[in-house]
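Dumped final.pdb below, it's PDB, N, CA and C atoms:
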```
ATOM      1  N   MET A   1       6.383  16.878   8.714  1.00  0.00           N
ATOM      2  CA  MET A   1       6.369  15.673   7.911  1.00  0.00           C
ATOM      3  C   MET A   1       4.962  15.097   7.792  1.00  0.00           C
ATOM      4  N   THR A   2       4.113  15.300   8.759  1.00  0.00           N
ATOM      5  CA  THR A   2       2.755  14.757   8.716  1.00  0.00           C
ATOM      6  C   THR A   2       1.998  15.261   7.498  1.00  0.00           C
ATOM      7  N   GLU A   3       2.257  16.511   7.055  1.00  0.00           N
ATOM      8  CA  GLU A   3       1.553  17.033   5.890  1.00  0.00           C
ATOM      9  C   GLU A   3       1.925  16.292   4.608  1.00  0.00           C
ATOM     10  N   ASP A   4       3.051  15.603   4.587  1.00  0.00           N
ATOM     11  CA  ASP A   4       3.466  14.815   3.431  1.00  0.00           C
ATOM     12  C   ASP A   4       2.883  13.399   3.472  1.00  0.00           C
ATOM     13  N   LEU A   5       2.296  13.031   4.585  1.00  0.00           N
ATOM     14  CA  LEU A   5       1.748  11.692   4.751  1.00  0.00           C
ATOM     15  C   LEU A   5       0.253  11.695   4.448  1.00  0.00           C
ATOM     16  N   LEU A   6      -0.244  10.544   4.026  1.00  0.00           N
ATOM     17  CA  LEU A   6      -1.639  10.416   3.615  1.00  0.00           C
ATOM     18  C   LEU A   6      -2.392   9.448   4.518  1.00  0.00           C
ATOM     19  N   ARG A   7      -3.622   9.805   4.820  1.00  0.00           N
ATOM     20  CA  ARG A   7      -4.482   8.882   5.545  1.00  0.00           C
ATOM     21  C   ARG A   7      -4.979   7.814   4.584  1.00  0.00           C
ATOM     22  N   ILE A   8      -5.498   6.737   5.132  1.00  0.00           N
ATOM     23  CA  ILE A   8      -5.896   5.580   4.329  1.00  0.00           C
ATOM     24  C   ILE A   8      -6.877   5.952   3.216  1.00  0.00           C
ATOM     25  N   GLY A   9      -7.816   6.825   3.494  1.00  0.00           N
ATOM     26  CA  GLY A   9      -8.784   7.243   2.485  1.00  0.00           C
ATOM     27  C   GLY A   9      -8.139   8.009   1.342  1.00  0.00           C
ATOM     28  N   GLU A  10      -7.143   8.817   1.660  1.00  0.00           N
ATOM     29  CA  GLU A  10      -6.435   9.572   0.629  1.00  0.00           C
ATOM     30  C   GLU A  10      -5.615   8.639  -0.260  1.00  0.00           C
ATOM     31  N   VAL A  11      -4.966   7.668   0.351  1.00  0.00           N
ATOM     32  CA  VAL A  11      -4.196   6.690  -0.419  1.00  0.00           C
ATOM     33  C   VAL A  11      -5.135   5.913  -1.330  1.00  0.00           C
ATOM     34  N   ALA A  12      -6.248   5.456  -0.787  1.00  0.00           N
ATOM     35  CA  ALA A  12      -7.217   4.692  -1.571  1.00  0.00           C
ATOM     36  C   ALA A  12      -7.741   5.513  -2.745  1.00  0.00           C
ATOM     37  N   SER A  13      -8.097   6.743  -2.499  1.00  0.00           N
ATOM     38  CA  SER A  13      -8.627   7.605  -3.545  1.00  0.00           C
ATOM     39  C   SER A  13      -7.607   7.824  -4.660  1.00  0.00           C
ATOM     40  N   ARG A  14      -6.390   8.135  -4.288  1.00  0.00           N
ATOM     41  CA  ARG A  14      -5.341   8.378  -5.292  1.00  0.00           C
ATOM     42  C   ARG A  14      -4.986   7.118  -6.075  1.00  0.00           C
ATOM     43  N   ALA A  15      -5.080   5.961  -5.419  1.00  0.00           N
ATOM     44  CA  ALA A  15      -4.739   4.692  -6.081  1.00  0.00           C
ATOM     45  C   ALA A  15      -5.918   4.105  -6.849  1.00  0.00           C
ATOM     46  N   GLY A  16      -7.104   4.646  -6.641  1.00  0.00           N
ATOM     47  CA  GLY A  16      -8.285   4.129  -7.338  1.00  0.00           C
ATOM     48  C   GLY A  16      -8.784   2.812  -6.781  1.00  0.00           C
ATOM     49  N   VAL A  17      -8.577   2.606  -5.481  1.00  0.00           N
ATOM     50  CA  VAL A  17      -9.040   1.391  -4.810  1.00  0.00           C
ATOM     51  C   VAL A  17      -9.864   1.793  -3.593  1.00  0.00           C
ATOM     52  N   SER A  18     -10.452   0.829  -2.946  1.00  0.00           N
ATOM     53  CA  SER A  18     -11.229   1.111  -1.743  1.00  0.00           C
ATOM     54  C   SER A  18     -10.312   1.154  -0.517  1.00  0.00           C
ATOM     55  N   LYS A  19     -10.809   1.746   0.549  1.00  0.00           N
ATOM     56  CA  LYS A  19     -10.054   1.742   1.809  1.00  0.00           C
ATOM     57  C   LYS A  19      -9.870   0.314   2.295  1.00  0.00           C
ATOM     58  N   ARG A  20     -10.848  -0.509   2.023  1.00  0.00           N
ATOM     59  CA  ARG A  20     -10.756  -1.913   2.421  1.00  0.00           C
ATOM     60  C   ARG A  20      -9.596  -2.621   1.712  1.00  0.00           C
ATOM     61  N   THR A  21      -9.363  -2.269   0.446  1.00  0.00           N
ATOM     62  CA  THR A  21      -8.237  -2.851  -0.296  1.00  0.00           C
ATOM     63  C   THR A  21      -6.919  -2.435   0.322  1.00  0.00           C
ATOM     64  N   VAL A  22      -6.798  -1.144   0.670  1.00  0.00           N
ATOM     65  CA  VAL A  22      -5.574  -0.668   1.332  1.00  0.00           C
ATOM     66  C   VAL A  22      -5.390  -1.411   2.648  1.00  0.00           C
ATOM     67  N   ASP A  23      -6.467  -1.571   3.388  1.00  0.00           N
ATOM     68  CA  ASP A  23      -6.412  -2.290   4.657  1.00  0.00           C
ATOM     69  C   ASP A  23      -5.994  -3.748   4.436  1.00  0.00           C
ATOM     70  N   PHE A  24      -6.521  -4.375   3.392  1.00  0.00           N
ATOM     71  CA  PHE A  24      -6.188  -5.758   3.066  1.00  0.00           C
ATOM     72  C   PHE A  24      -4.703  -5.896   2.735  1.00  0.00           C
ATOM     73  N   TYR A  25      -4.206  -5.020   1.878  1.00  0.00           N
ATOM     74  CA  TYR A  25      -2.780  -5.047   1.523  1.00  0.00           C
ATOM     75  C   TYR A  25      -1.897  -4.781   2.744  1.00  0.00           C
ATOM     76  N   THR A  26      -2.360  -3.915   3.619  1.00  0.00           N
ATOM     77  CA  THR A  26      -1.613  -3.633   4.852  1.00  0.00           C
ATOM     78  C   THR A  26      -1.571  -4.883   5.727  1.00  0.00           C
ATOM     79  N   GLY A  27      -2.699  -5.561   5.843  1.00  0.00           N
ATOM     80  CA  GLY A  27      -2.772  -6.781   6.641  1.00  0.00           C
ATOM     81  C   GLY A  27      -1.872  -7.891   6.108  1.00  0.00           C
ATOM     82  N   LEU A  28      -1.663  -7.909   4.793  1.00  0.00           N
ATOM     83  CA  LEU A  28      -0.781  -8.906   4.186  1.00  0.00           C
ATOM     84  C   LEU A  28       0.696  -8.516   4.287  1.00  0.00           C
ATOM     85  N   GLY A  29       0.943  -7.286   4.743  1.00  0.00           N
ATOM     86  CA  GLY A  29       2.324  -6.823   4.841  1.00  0.00           C
ATOM     87  C   GLY A  29       2.855  -6.230   3.553  1.00  0.00           C
ATOM     88  N   LEU A  30       1.980  -5.998   2.577  1.00  0.00           N
ATOM     89  CA  LEU A  30       2.398  -5.412   1.308  1.00  0.00           C
ATOM     90  C   LEU A  30       2.551  -3.903   1.409  1.00  0.00           C
ATOM     91  N   LEU A  31       1.839  -3.299   2.353  1.00  0.00           N
ATOM     92  CA  LEU A  31       1.952  -1.881   2.666  1.00  0.00           C
ATOM     93  C   LEU A  31       2.208  -1.749   4.158  1.00  0.00           C
ATOM     94  N   THR A  32       2.952  -0.729   4.520  1.00  0.00           N
ATOM     95  CA  THR A  32       3.227  -0.501   5.932  1.00  0.00           C
ATOM     96  C   THR A  32       3.028   0.978   6.242  1.00  0.00           C
ATOM     97  N   PRO A  33       2.093   1.302   7.122  1.00  0.00           N
ATOM     98  CA  PRO A  33       1.931   2.707   7.502  1.00  0.00           C
ATOM     99  C   PRO A  33       3.217   3.224   8.152  1.00  0.00           C
ATOM    100  N   VAL A  34       3.523   4.488   7.894  1.00  0.00           N
ATOM    101  CA  VAL A  34       4.724   5.097   8.468  1.00  0.00           C
ATOM    102  C   VAL A  34       4.545   5.290   9.971  1.00  0.00           C
ATOM    103  N   ARG A  35       3.366   5.748  10.333  1.00  0.00           N
ATOM    104  CA  ARG A  35       3.026   5.944  11.751  1.00  0.00           C
ATOM    105  C   ARG A  35       1.545   6.244  11.848  1.00  0.00           C
ATOM    106  N   ARG A  36       1.109   6.553  13.061  1.00  0.00           N
ATOM    107  CA  ARG A  36      -0.290   6.928  13.292  1.00  0.00           C
ATOM    108  C   ARG A  36      -0.362   8.398  13.676  1.00  0.00           C
ATOM    109  N   SER A  37      -1.446   9.015  13.297  1.00  0.00           N
ATOM    110  CA  SER A  37      -1.665  10.422  13.629  1.00  0.00           C
ATOM    111  C   SER A  37      -2.132  10.542  15.071  1.00  0.00           C
ATOM    112  N   GLY A  38      -2.264  11.758  15.541  1.00  0.00           N
ATOM    113  CA  GLY A  38      -2.778  12.001  16.880  1.00  0.00           C
ATOM    114  C   GLY A  38      -4.182  11.443  17.066  1.00  0.00           C
ATOM    115  N   GLY A  39      -4.947  11.377  15.976  1.00  0.00           N
ATOM    116  CA  GLY A  39      -6.296  10.817  16.009  1.00  0.00           C
ATOM    117  C   GLY A  39      -6.308   9.322  15.750  1.00  0.00           C
ATOM    118  N   ASN A  40      -5.129   8.684  15.762  1.00  0.00           N
ATOM    119  CA  ASN A  40      -4.934   7.249  15.577  1.00  0.00           C
ATOM    120  C   ASN A  40      -5.219   6.764  14.152  1.00  0.00           C
ATOM    121  N   PHE A  41      -5.126   7.670  13.170  1.00  0.00           N
ATOM    122  CA  PHE A  41      -5.260   7.284  11.770  1.00  0.00           C
ATOM    123  C   PHE A  41      -3.916   6.774  11.277  1.00  0.00           C
ATOM    124  N   ARG A  42      -3.960   5.705  10.482  1.00  0.00           N
ATOM    125  CA  ARG A  42      -2.726   5.215   9.864  1.00  0.00           C
ATOM    126  C   ARG A  42      -2.287   6.210   8.801  1.00  0.00           C
ATOM    127  N   LEU A  43      -1.009   6.495   8.761  1.00  0.00           N
ATOM    128  CA  LEU A  43      -0.461   7.436   7.794  1.00  0.00           C
ATOM    129  C   LEU A  43       0.515   6.709   6.870  1.00  0.00           C
ATOM    130  N   TYR A  44       0.326   6.937   5.586  1.00  0.00           N
ATOM    131  CA  TYR A  44       1.131   6.291   4.556  1.00  0.00           C
ATOM    132  C   TYR A  44       1.901   7.345   3.772  1.00  0.00           C
ATOM    133  N   GLU A  45       2.965   6.913   3.113  1.00  0.00           N
ATOM    134  CA  GLU A  45       3.716   7.794   2.237  1.00  0.00           C
ATOM    135  C   GLU A  45       3.037   7.842   0.875  1.00  0.00           C
ATOM    136  N   ALA A  46       3.232   8.923   0.142  1.00  0.00           N
ATOM    137  CA  ALA A  46       2.649   9.062  -1.189  1.00  0.00           C
ATOM    138  C   ALA A  46       3.149   7.965  -2.125  1.00  0.00           C
ATOM    139  N   THR A  47       4.344   7.458  -1.885  1.00  0.00           N
ATOM    140  CA  THR A  47       4.884   6.384  -2.733  1.00  0.00           C
ATOM    141  C   THR A  47       4.076   5.095  -2.608  1.00  0.00           C
ATOM    142  N   ASP A  48       3.278   4.978  -1.565  1.00  0.00           N
ATOM    143  CA  ASP A  48       2.433   3.794  -1.420  1.00  0.00           C
ATOM    144  C   ASP A  48       1.361   3.736  -2.506  1.00  0.00           C
ATOM    145  N   VAL A  49       1.001   4.875  -3.070  1.00  0.00           N
ATOM    146  CA  VAL A  49       0.046   4.893  -4.186  1.00  0.00           C
ATOM    147  C   VAL A  49       0.658   4.146  -5.378  1.00  0.00           C
ATOM    148  N   THR A  50       1.929   4.417  -5.646  1.00  0.00           N
ATOM    149  CA  THR A  50       2.644   3.732  -6.718  1.00  0.00           C
ATOM    150  C   THR A  50       2.811   2.259  -6.392  1.00  0.00           C
ATOM    151  N   ARG A  51       3.044   1.967  -5.134  1.00  0.00           N
ATOM    152  CA  ARG A  51       3.205   0.576  -4.701  1.00  0.00           C
ATOM    153  C   ARG A  51       1.909  -0.204  -4.935  1.00  0.00           C
ATOM    154  N   ILE A  52       0.785   0.414  -4.670  1.00  0.00           N
ATOM    155  CA  ILE A  52      -0.507  -0.239  -4.912  1.00  0.00           C
ATOM    156  C   ILE A  52      -0.667  -0.532  -6.403  1.00  0.00           C
ATOM    157  N   ALA A  53      -0.266   0.403  -7.251  1.00  0.00           N
ATOM    158  CA  ALA A  53      -0.338   0.167  -8.695  1.00  0.00           C
ATOM    159  C   ALA A  53       0.517  -1.039  -9.082  1.00  0.00           C
ATOM    160  N   ALA A  54       1.691  -1.161  -8.469  1.00  0.00           N
ATOM    161  CA  ALA A  54       2.568  -2.302  -8.753  1.00  0.00           C
ATOM    162  C   ALA A  54       1.941  -3.604  -8.273  1.00  0.00           C
ATOM    163  N   ILE A  55       1.320  -3.574  -7.109  1.00  0.00           N
ATOM    164  CA  ILE A  55       0.650  -4.757  -6.560  1.00  0.00           C
ATOM    165  C   ILE A  55      -0.469  -5.185  -7.503  1.00  0.00           C
ATOM    166  N   ARG A  56      -1.251  -4.230  -7.959  1.00  0.00           N
ATOM    167  CA  ARG A  56      -2.371  -4.544  -8.843  1.00  0.00           C
ATOM    168  C   ARG A  56      -1.879  -5.074 -10.191  1.00  0.00           C
ATOM    169  N   GLN A  57      -0.759  -4.557 -10.670  1.00  0.00           N
ATOM    170  CA  GLN A  57      -0.194  -5.038 -11.925  1.00  0.00           C
ATOM    171  C   GLN A  57       0.267  -6.486 -11.790  1.00  0.00           C
ATOM    172  N   LEU A  58       0.918  -6.789 -10.689  1.00  0.00           N
ATOM    173  CA  LEU A  58       1.350  -8.174 -10.445  1.00  0.00           C
ATOM    174  C   LEU A  58       0.142  -9.095 -10.328  1.00  0.00           C
ATOM    175  N   GLU A  59      -0.873  -8.606  -9.657  1.00  0.00           N
ATOM    176  CA  GLU A  59      -2.092  -9.398  -9.500  1.00  0.00           C
ATOM    177  C   GLU A  59      -2.731  -9.679 -10.869  1.00  0.00           C
ATOM    178  N   ALA A  60      -2.722  -8.683 -11.747  1.00  0.00           N
ATOM    179  CA  ALA A  60      -3.274  -8.857 -13.088  1.00  0.00           C
ATOM    180  C   ALA A  60      -2.475  -9.883 -13.896  1.00  0.00           C
ATOM    181  N   GLN A  61      -1.208 -10.061 -13.540  1.00  0.00           N
ATOM    182  CA  GLN A  61      -0.358 -11.047 -14.207  1.00  0.00           C
ATOM    183  C   GLN A  61      -0.526 -12.435 -13.606  1.00  0.00           C
ATOM    184  N   GLY A  62      -1.404 -12.548 -12.615  1.00  0.00           N
ATOM    185  CA  GLY A  62      -1.707 -13.842 -12.027  1.00  0.00           C
ATOM    186  C   GLY A  62      -0.816 -14.238 -10.864  1.00  0.00           C
ATOM    187  N   ILE A  63      -0.049 -13.298 -10.342  1.00  0.00           N
ATOM    188  CA  ILE A  63       0.826 -13.603  -9.212  1.00  0.00           C
ATOM    189  C   ILE A  63       0.003 -13.560  -7.930  1.00  0.00           C
ATOM    190  N   ARG A  64       0.130 -14.598  -7.127  1.00  0.00           N
ATOM    191  CA  ARG A  64      -0.632 -14.696  -5.883  1.00  0.00           C
ATOM    192  C   ARG A  64      -0.197 -13.627  -4.896  1.00  0.00           C
ATOM    193  N   LEU A  65      -1.131 -13.181  -4.079  1.00  0.00           N
ATOM    194  CA  LEU A  65      -0.869 -12.130  -3.097  1.00  0.00           C
ATOM    195  C   LEU A  65       0.240 -12.502  -2.121  1.00  0.00           C
ATOM    196  N   ASP A  66       0.299 -13.753  -1.705  1.00  0.00           N
ATOM    197  CA  ASP A  66       1.307 -14.142  -0.733  1.00  0.00           C
ATOM    198  C   ASP A  66       2.716 -14.110  -1.321  1.00  0.00           C
ATOM    199  N   ARG A  67       2.832 -14.073  -2.636  1.00  0.00           N
ATOM    200  CA  ARG A  67       4.144 -13.999  -3.287  1.00  0.00           C
ATOM    201  C   ARG A  67       4.526 -12.575  -3.653  1.00  0.00           C
ATOM    202  N   LYS A  68       3.572 -11.660  -3.601  1.00  0.00           N
ATOM    203  CA  LYS A  68       3.836 -10.277  -3.996  1.00  0.00           C
ATOM    204  C   LYS A  68       4.839  -9.598  -3.093  1.00  0.00           C
ATOM    205  N   SER A  69       4.743  -9.818  -1.819  1.00  0.00           N
ATOM    206  CA  SER A  69       5.644  -9.145  -0.891  1.00  0.00           C
ATOM    207  C   SER A  69       7.093  -9.439  -1.235  1.00  0.00           C
ATOM    208  N   THR A  70       7.392 -10.694  -1.520  1.00  0.00           N
ATOM    209  CA  THR A  70       8.752 -11.079  -1.879  1.00  0.00           C
ATOM    210  C   THR A  70       9.161 -10.425  -3.190  1.00  0.00           C
ATOM    211  N   ARG A  71       8.288 -10.461  -4.169  1.00  0.00           N
ATOM    212  CA  ARG A  71       8.613  -9.899  -5.482  1.00  0.00           C
ATOM    213  C   ARG A  71       8.757  -8.379  -5.410  1.00  0.00           C
ATOM    214  N   LEU A  72       7.879  -7.713  -4.671  1.00  0.00           N
ATOM    215  CA  LEU A  72       7.958  -6.262  -4.549  1.00  0.00           C
ATOM    216  C   LEU A  72       9.225  -5.840  -3.824  1.00  0.00           C
ATOM    217  N   ASN A  73       9.551  -6.550  -2.785  1.00  0.00           N
ATOM    218  CA  ASN A  73      10.742  -6.198  -2.019  1.00  0.00           C
ATOM    219  C   ASN A  73      12.020  -6.484  -2.783  1.00  0.00           C
ATOM    220  N   SER A  74      12.024  -7.509  -3.630  1.00  0.00           N
ATOM    221  CA  SER A  74      13.223  -7.841  -4.375  1.00  0.00           C
ATOM    222  C   SER A  74      13.401  -6.949  -5.601  1.00  0.00           C
ATOM    223  N   SER A  75      12.308  -6.327  -6.065  1.00  0.00           N
ATOM    224  CA  SER A  75      12.411  -5.451  -7.231  1.00  0.00           C
ATOM    225  C   SER A  75      11.989  -4.034  -6.866  1.00  0.00           C
ATOM    226  N   HIS A  76      12.405  -3.566  -5.727  1.00  0.00           N
ATOM    227  CA  HIS A  76      12.009  -2.276  -5.194  1.00  0.00           C
ATOM    228  C   HIS A  76      12.270  -1.140  -6.188  1.00  0.00           C
ATOM    229  N   ALA A  77      13.280  -1.247  -7.013  1.00  0.00           N
ATOM    230  CA  ALA A  77      13.607  -0.202  -7.973  1.00  0.00           C
ATOM    231  C   ALA A  77      12.522  -0.041  -9.026  1.00  0.00           C
ATOM    232  N   ASN A  78      11.733  -1.083  -9.260  1.00  0.00           N
ATOM    233  CA  ASN A  78      10.689  -1.016 -10.261  1.00  0.00           C
ATOM    234  C   ASN A  78       9.405  -0.393  -9.744  1.00  0.00           C
ATOM    235  N   ILE A  79       9.374  -0.064  -8.494  1.00  0.00           N
ATOM    236  CA  ILE A  79       8.143   0.464  -7.898  1.00  0.00           C
ATOM    237  C   ILE A  79       8.161   1.973  -7.932  1.00  0.00           C
TER     238      ILE A  79
END
```
What would you get if you wrote out this structure as structure tokens?
Amino acid sequence: MTEDLLRIGEVASRAGVSKRTVDFYTGLGLLTPVRRSGGNFRLYEATDVTRIAAIRQLEAQGIRLDRKSTRLNSSHANI
């Protein structure tokens, strides 16, 4: 299963954002790493790339970051 998981840099690259942005979204609870690797790297699912796109779309619509978690979780089917 680890081969299906992405490290923070891979998620950032695929989503077109910086690692710092992924870290920021993780700190806000908008993203949650699945687990840590043996080297203590955070591992994310590939679907988190799509989730980042949804977060950025909501942000572009003027929705505050603290409200995104609620909106993303309530409309999970749209992600």
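Near Pro33 of chain A, within 6 Å and counting all atoms listed in the file, sit Arg42, Leu43 and Tyr44 of chain A, not including residues fewer than 6 positions from it in the same chain.
A straight line drawn from atom N of Leu65 of chain A to atom CA of Glu10 of chain A is 23.8 Å long.
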Just so the selection is clear, what residues does the PyMOL selection byres ((chain A and resi 46) around 8) cover here, as a list in words? Asp4, Leu5, Leu6, Val11, Leu43, Tyr44, Glu45, Thr47, Asp48, Val49, Thr50 and Arg51 of chain A
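One finds atom CA of Ala60 of chain A at 19.2 Å from atom CA of Asp23 of chain A.
Across A:Ile63, A:Gln57, A:Ser13, A:Ile52, the tightest approach to Leu31 of chain A is made by A:Ile52 when counting only C-alpha atoms.
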Segment 49-68 of chain A: axis-aligned bounding box, 3 Å on each side, centre and edge lengths in Å, one decimal, as lines of an AutoDock Vina configuration file:
```
center_x = 0.8
center_y = -4.9
center_z = -7.5
size_x = 14.1
size_y = 25.6
size_z = 19.5
```
Phe41 of chain A: which residues within 8 Å, counting only N, CA and C atoms, same-chain residues fewer than 3 positions away excluded, as a PyMOL selection string? chain A and resi 6-8+35-38+44
Expressed in Å, the length from atom C of Tyr25 of chain A to atom CA of Ile55 of chain A is 9.6 Å
